[in-house]
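Listing of entry_32.txt; format and content: compact mmCIF, C-alpha atoms.
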# COMPACT_ATOMS: atom_id res chain seq x y z
CA MET A 1 129.50 97.22 85.79
CA LYS A 2 127.03 99.73 84.42
CA ILE A 3 125.65 102.32 86.83
CA GLN A 4 122.75 104.41 85.62
CA ILE A 5 121.12 107.39 87.29
CA PRO A 6 117.65 108.02 85.89
CA GLY A 7 116.68 111.57 86.78
CA THR A 8 115.79 114.82 85.11
CA GLY A 9 118.89 116.63 86.31
CA CYS A 10 117.82 118.28 89.56
CA ALA A 11 120.13 118.85 92.52
CA LYS A 12 119.21 115.47 94.03
CA CYS A 13 120.05 113.69 90.77
CA LYS A 14 123.46 115.36 90.71
CA GLN A 15 124.08 114.48 94.34
CA LEU A 16 123.15 110.84 93.80
CA THR A 17 125.47 110.73 90.79
CA GLU A 18 128.33 112.08 92.89
CA HIS A 19 127.64 109.59 95.67
CA ALA A 20 127.49 106.70 93.19
CA GLU A 21 130.83 107.74 91.70
CA THR A 22 132.36 107.99 95.17
CA ALA A 23 131.03 104.54 96.12
CA ALA A 24 132.26 102.89 92.91
CA HIS A 25 135.64 104.59 93.26
CA ASN A 26 135.97 103.51 96.91
CA LEU A 27 135.35 99.90 95.88
CA GLY A 28 137.85 100.17 93.03
CA LEU A 29 135.27 99.05 90.51
CA ASP A 30 135.59 99.08 86.76
CA TYR A 31 132.37 100.86 85.92
CA GLN A 32 130.53 102.99 83.42
CA LEU A 33 128.27 105.71 84.78
CA GLU A 34 125.41 107.05 82.74
CA LYS A 35 122.99 109.84 83.63
CA VAL A 36 119.65 109.08 82.03
CA THR A 37 117.87 112.40 81.67
CA ASP A 38 115.41 111.89 78.82
CA ILE A 39 111.95 111.32 80.29
CA LYS A 40 111.13 108.57 77.78
CA ASP A 41 114.30 106.71 78.72
CA ILE A 42 113.63 107.26 82.43
CA MET A 43 110.18 105.73 82.04
CA GLN A 44 111.71 102.52 80.71
CA PHE A 45 113.10 101.85 84.17
CA GLY A 46 109.59 101.72 85.68
CA VAL A 47 110.45 103.98 88.62
CA MET A 48 107.74 106.10 90.20
CA ALA A 49 110.09 108.70 91.58
CA THR A 50 113.49 110.07 90.71
CA PRO A 51 116.41 110.18 91.19
CA ALA A 52 116.98 106.45 90.87
CA LEU A 53 119.94 104.13 90.80
CA ALA A 54 120.15 101.15 88.46
CA ILE A 55 122.96 98.60 88.41
CA ASP A 56 123.37 96.63 85.20
CA GLY A 57 119.83 97.60 84.23
CA LYS A 58 118.18 96.67 87.53
CA VAL A 59 116.66 99.42 89.67
CA LYS A 60 118.03 99.26 93.18
CA LEU A 61 116.85 102.54 94.65
CA ALA A 62 114.47 105.35 93.75
CA GLY A 63 113.16 108.64 95.01
CA ARG A 64 116.00 109.64 97.30
CA VAL A 65 119.69 110.35 97.60
CA ALA A 66 121.51 107.42 99.17
CA THR A 67 124.79 107.91 100.99
CA PRO A 68 128.02 106.66 99.39
CA ALA A 69 128.20 103.98 102.11
CA GLU A 70 124.70 102.73 101.29
CA ILE A 71 125.51 102.66 97.59
CA GLN A 72 128.67 100.71 98.33
CA THR A 73 126.50 98.09 100.06
CA ILE A 74 124.17 98.00 97.03
CA LEU A 75 127.11 97.68 94.64
CA THR A 76 128.72 94.94 96.71
CA SER A 77 125.52 92.91 96.84
CA SER A 78 125.08 93.38 93.08
CA ILE A 79 128.58 92.03 92.49
CA ASN A 80 127.87 89.02 94.69
CA SER A 81 124.45 88.24 93.24
CA MET B 1 105.59 99.24 83.78
CA ASN B 2 104.92 102.45 81.86
CA ILE B 3 104.59 105.28 84.33
CA GLN B 4 105.66 108.89 84.41
CA PRO B 5 108.12 109.21 87.30
CA LYS B 6 107.85 112.06 89.73
CA CYS B 7 110.90 114.05 90.81
CA THR B 8 111.13 113.80 94.59
CA CYS B 9 112.16 117.44 94.86
CA ASN B 10 108.37 117.87 95.03
CA GLY B 11 107.73 114.78 97.17
CA GLY B 12 107.08 111.20 96.11
CA PRO B 13 103.74 109.68 95.10
CA ASP B 14 100.83 108.92 97.42
CA LEU B 15 100.28 105.17 97.25
CA LEU B 16 97.19 103.09 97.93
CA PHE B 17 97.28 99.39 98.77
CA CYS B 18 94.12 97.33 99.09
CA CYS B 19 93.42 93.78 100.20
CA SER B 20 91.04 93.46 97.19
CA GLY B 21 89.70 90.36 98.86
CA ALA B 22 86.68 88.21 98.07
CA ALA B 23 84.24 89.69 100.59
CA ASP B 24 81.71 92.37 99.68
CA THR B 25 83.38 94.84 102.03
CA ALA B 26 86.72 94.11 100.33
CA GLU B 27 85.20 94.64 96.89
CA ILE B 28 83.88 98.01 98.03
CA ALA B 29 87.37 98.83 99.30
CA ASP B 30 88.92 97.81 96.00
CA LEU B 31 86.49 99.84 93.91
CA ALA B 32 86.91 102.91 96.12
CA VAL B 33 90.70 102.67 95.85
CA ARG B 34 90.41 102.32 92.07
CA GLN B 35 88.18 105.40 92.00
CA LEU B 36 90.93 107.49 93.59
CA HIS B 37 93.50 105.90 91.28
CA LYS B 38 91.50 106.68 88.14
CA ALA B 39 90.94 110.25 89.33
CA LYS B 40 94.74 110.50 89.82
CA GLU B 41 94.23 111.54 93.44
CA ALA B 42 96.66 108.82 94.52
CA LYS B 43 98.16 105.76 92.92
CA MET B 44 96.90 102.24 93.53
CA PHE B 45 99.85 99.92 93.84
CA CYS B 46 100.23 96.15 93.87
CA LEU B 47 99.94 94.52 97.25
CA ALA B 48 100.84 91.20 95.63
CA GLY B 49 104.18 92.74 94.64
CA ILE B 50 104.93 93.37 98.30
CA ALA B 51 103.92 89.82 99.23
CA GLY B 52 106.05 88.45 96.39
CA ASP B 53 109.00 90.70 97.25
CA VAL B 54 109.15 91.97 93.67
CA GLU B 55 112.20 94.24 93.68
CA LEU B 56 110.85 97.07 91.52
CA ILE B 57 107.56 97.17 93.44
CA VAL B 58 109.43 97.28 96.75
CA VAL B 59 111.85 99.98 95.52
CA ASN B 60 108.96 102.09 94.23
CA THR B 61 106.97 101.64 97.44
CA LYS B 62 109.89 103.07 99.39
CA THR B 63 109.50 106.32 97.41
CA ALA B 64 105.97 106.94 98.71
CA ASN B 65 105.11 110.30 100.16
CA ARG B 66 102.08 108.86 101.95
CA MET B 67 100.73 105.31 102.05
CA LEU B 68 97.18 104.29 102.72
CA VAL B 69 96.47 100.60 103.30
CA VAL B 70 92.85 99.48 103.02
CA ASP B 71 91.32 96.27 104.30
CA GLY B 72 87.79 94.96 103.89
CA CYS B 73 87.61 93.26 107.28
CA ASP B 74 89.46 92.83 110.54
CA SER B 75 91.60 89.98 109.20
CA ASP B 76 93.80 92.90 108.06
CA CYS B 77 95.47 90.95 105.26
CA ALA B 78 96.72 94.11 103.54
CA ARG B 79 98.14 95.59 106.75
CA LYS B 80 99.87 92.33 107.64
CA THR B 81 101.30 91.97 104.14
CA MET B 82 102.76 95.47 104.29
CA GLU B 83 104.26 94.86 107.72
CA LYS B 84 105.73 91.54 106.64
CA GLY B 85 107.31 93.39 103.73
CA GLY B 86 108.97 95.82 106.14
CA PHE B 87 106.55 98.73 105.70
CA ASN B 88 105.12 100.15 108.89
CA ASP B 89 104.69 103.83 108.18
CA PHE B 90 101.22 103.98 106.67
CA ILE B 91 97.65 104.86 107.48
CA HIS B 92 95.40 101.86 107.88
CA PHE B 93 91.67 101.80 107.20
CA ARG B 94 88.99 99.11 107.15
CA THR B 95 85.70 99.51 105.33
CA THR B 96 84.12 97.89 108.38
CA ASP B 97 85.19 101.01 110.33
CA LEU B 98 82.27 102.70 108.58
CA GLY B 99 79.81 100.17 109.95
CA MET B 100 79.81 97.99 106.86
CA GLU B 101 79.38 94.37 107.86
CA LYS B 102 81.30 91.66 106.02
CA GLY B 103 78.97 89.41 104.08
CA LYS B 104 75.98 91.68 104.63
CA THR B 105 76.92 94.75 102.62
CA PRO B 106 75.99 94.60 98.95
CA VAL B 107 78.27 96.62 96.71
CA SER B 108 76.71 99.90 95.63
CA GLY B 109 77.84 103.18 94.14
CA GLU B 110 76.81 104.96 97.29
CA ARG B 111 78.95 102.74 99.52
CA ILE B 112 81.93 102.99 97.18
CA ALA B 113 81.60 106.77 97.23
CA GLN B 114 81.36 106.72 101.03
CA VAL B 115 84.61 104.77 101.34
CA ALA B 116 86.34 106.86 98.65
CA GLY B 117 85.35 110.01 100.54
CA ARG B 118 86.85 108.67 103.76
CA LEU B 119 90.06 107.69 101.96
CA ARG B 120 90.34 111.24 100.60
CA GLU B 121 89.97 112.62 104.12
CA LEU B 122 92.63 110.26 105.46
CA LEU B 123 95.06 111.23 102.71
CA LYS B 124 94.54 114.91 103.49
CA GLU B 125 95.14 114.32 107.20
CA ALA B 126 98.23 112.17 106.64
CA GLN B 127 101.73 113.40 107.14
CA PRO B 128 104.36 112.47 104.55
CA CYS B 129 106.02 109.17 105.50
CA VAL B 130 109.40 109.81 103.89
CA GLU B 131 111.62 112.84 103.70
CA ALA B 132 111.09 114.54 100.34
Is it possible to express this structure as structure tokens?
Amino acid sequence: MKIQIPGTGCAKCKQLTEHAETAAHNLGLDYQLEKVTDIKDIMQFGVMATPALAIDGKVKLAGRVATPAEIQTILTSSINS
Amino acid sequence: MNIQPKCTCNGGPDLLFCCSGAADTAEIADLAVRQLHKAKEAKMFCLAGIAGDVELIVVNTKTANRMLVVDGCDSDCARKTMEKGGFNDFIHFRTTDLGMEKGKTPVSGERIAQVAGRLRELLKEAQPCVEA
């Protein structure tokens, strides 16, 4: 599973990255995490606000820091879909 | 979608949704909303994306700092679409609130400007709808 965090590197981006790692770790997932910080690359995701969370290229959340529990729910539904 | 994202450390975007319906009062609403969009005072966003449950549109809508939903008559199609999509925290406005009568209000620059002015006022008065 590929987890991407589009964001310019602010405190919220870092926090979302940490929460995503925690969530993936808690679920015991085999994952790759990528922080996407280049604005041109961020724009490819089509998000209007950062930080964002994309799973296997699909944007699942944007503009806020989700809790690890919420990200676990997102990850689980992505696995099942 | 090719848009410059905004870091939410400074708040999310202000979004405008419009019924963009067939009636004259809806056309005025649509053109007023587009006026604000083109002036970059707020961003017009796709109501059809909410109705169609398009994931990226829904995710982006959740990032809004303020949302203004504009209808051209009291059928309130835009408001009902937003509510059906799970969005309730927005300001709602009808062009008919300004005394414009559906079917009897020819589109004019003056009327578009009148509605655009009211939308600007409403955006200024509005409180942010999500925590930045």
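The gap separating atom CA of His25 of chain A from atom CA of Gly46 of chain A is 27.3 Å, in Å to one decimal.
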*Provide the atom CA of Ala66 of chain A to atom CA of Gln4 of chain A distance in Å, to one decimal place.*
13.9 Å
*Nearest to Thr17 of chain A: which of A:Ala62, A:Ile74, A:Pro51, A:Ile39 is it, counting all atoms listed in the file?*
A:Pro51
*Could you list as a PyMOL selection string every residue that has an atom within 6 Å of (101.8, 105.2, 104.1), using the file's coordinates and counting only C-alpha atoms?*
chain B and resi 66-68+89-91+129
Would you output that residue set with C-alpha atoms, as an mmCIF file, in the coordinates of the input?
data_model
loop_
_atom_site.group_PDB
_atom_site.id
_atom_site.type_symbol
_atom_site.label_atom_id
_atom_site.label_comp_id
_atom_site.auth_asym_id
_atom_site.auth_seq_id
_atom_site.Cartn_x
_atom_site.Cartn_y
_atom_site.Cartn_z
ATOM 1 C CA ARG B 66 102.080 108.860 101.950
ATOM 2 C CA MET B 67 100.730 105.310 102.050
ATOM 3 C CA LEU B 68 97.180 104.290 102.720
ATOM 4 C CA ASP B 89 104.690 103.830 108.180
ATOM 5 C CA PHE B 90 101.220 103.980 106.670
ATOM 6 C CA ILE B 91 97.650 104.860 107.480
ATOM 7 C CA CYS B 129 106.020 109.170 105.500
#
Skip Ser78 of chain A itself and residues of its chain fewer than 4 positions away, then list as a short mmCIF file (atom, residue, chain, number, x, y, z; two decimals) with C-alpha atoms, keeping the file's coordinate frame all residues within 9 Å of it, counting all atoms listed in the file.
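Output file result-v8.cif is given in full below:
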data_model
loop_
_atom_site.label_atom_id
_atom_site.label_comp_id
_atom_site.auth_asym_id
_atom_site.auth_seq_id
_atom_site.Cartn_x
_atom_site.Cartn_y
_atom_site.Cartn_z
CA ILE A 55 122.96 98.60 88.41
CA ASP A 56 123.37 96.63 85.20
CA THR A 73 126.50 98.09 100.06
CA ILE A 74 124.17 98.00 97.03
#
_Taking all atoms listed in the file into account, name the residue in A:Leu27, A:Ala49, A:Leu75, A:Met43 that is nearest to Ile3 of chain A._
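Nearest candidate to Ile3 of chain A out of A:Leu27, A:Ala49, A:Leu75, A:Met43: A:Leu75.
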Please identify all residues of chain A having at least one atom at most 9 Å from any atom of chain B, considering all atoms listed in the file, and return them as a PDB file with C-alpha atoms, in the coordinates of the input.
ATOM      1  CA  GLY A   7     116.680 111.570  86.780  1.00  0.00           C
ATOM      2  CA  THR A   8     115.790 114.820  85.110  1.00  0.00           C
ATOM      3  CA  CYS A  10     117.820 118.280  89.560  1.00  0.00           C
ATOM      4  CA  ALA A  11     120.130 118.850  92.520  1.00  0.00           C
ATOM      5  CA  LYS A  12     119.210 115.470  94.030  1.00  0.00           C
ATOM      6  CA  ILE A  39     111.950 111.320  80.290  1.00  0.00           C
ATOM      7  CA  LYS A  40     111.130 108.570  77.780  1.00  0.00           C
ATOM      8  CA  ILE A  42     113.630 107.260  82.430  1.00  0.00           C
ATOM      9  CA  MET A  43     110.180 105.730  82.040  1.00  0.00           C
ATOM     10  CA  GLN A  44     111.710 102.520  80.710  1.00  0.00           C
ATOM     11  CA  PHE A  45     113.100 101.850  84.170  1.00  0.00           C
ATOM     12  CA  GLY A  46     109.590 101.720  85.680  1.00  0.00           C
ATOM     13  CA  VAL A  47     110.450 103.980  88.620  1.00  0.00           C
ATOM     14  CA  MET A  48     107.740 106.100  90.200  1.00  0.00           C
ATOM     15  CA  ALA A  49     110.090 108.700  91.580  1.00  0.00           C
ATOM     16  CA  THR A  50     113.490 110.070  90.710  1.00  0.00           C
ATOM     17  CA  PRO A  51     116.410 110.180  91.190  1.00  0.00           C
ATOM     18  CA  LYS A  58     118.180  96.670  87.530  1.00  0.00           C
ATOM     19  CA  VAL A  59     116.660  99.420  89.670  1.00  0.00           C
ATOM     20  CA  LYS A  60     118.030  99.260  93.180  1.00  0.00           C
ATOM     21  CA  LEU A  61     116.850 102.540  94.650  1.00  0.00           C
ATOM     22  CA  ALA A  62     114.470 105.350  93.750  1.00  0.00           C
ATOM     23  CA  GLY A  63     113.160 108.640  95.010  1.00  0.00           C
ATOM     24  CA  ARG A  64     116.000 109.640  97.300  1.00  0.00           C
TER      25      ARG A  64
END
*Between atom CA of Pro68 of chain A and atom CA of Leu53 of chain A, what is the distance, to one decimal in Å?*
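The value is 12.1 Å.
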*Give the answer as one residue: which of B:Asp53, B:Glu41, B:Asp74, B:Glu121 has the shortest atom-to-atom distance to Cys19 of chain B, using only C-alpha atoms?*
B:Asp74
*Near Thr81 of chain B, counting all atoms listed in the file, which residues have an atom at most 12 Å away, once you skip same-chain residues fewer than 4 positions from it, shown as a list of chain:residue names?*
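The contact residues come out as B:Phe17, B:Cys18, B:Cys19, B:Cys46, B:Leu47, B:Ala48, B:Gly49, B:Ile50, B:Ala51, B:Gly52, B:Asp53, B:Val69, B:Val70, B:Asp71, B:Ser75, B:Asp76, B:Cys77, B:Gly85, B:Gly86, B:Phe87, B:Asn88.
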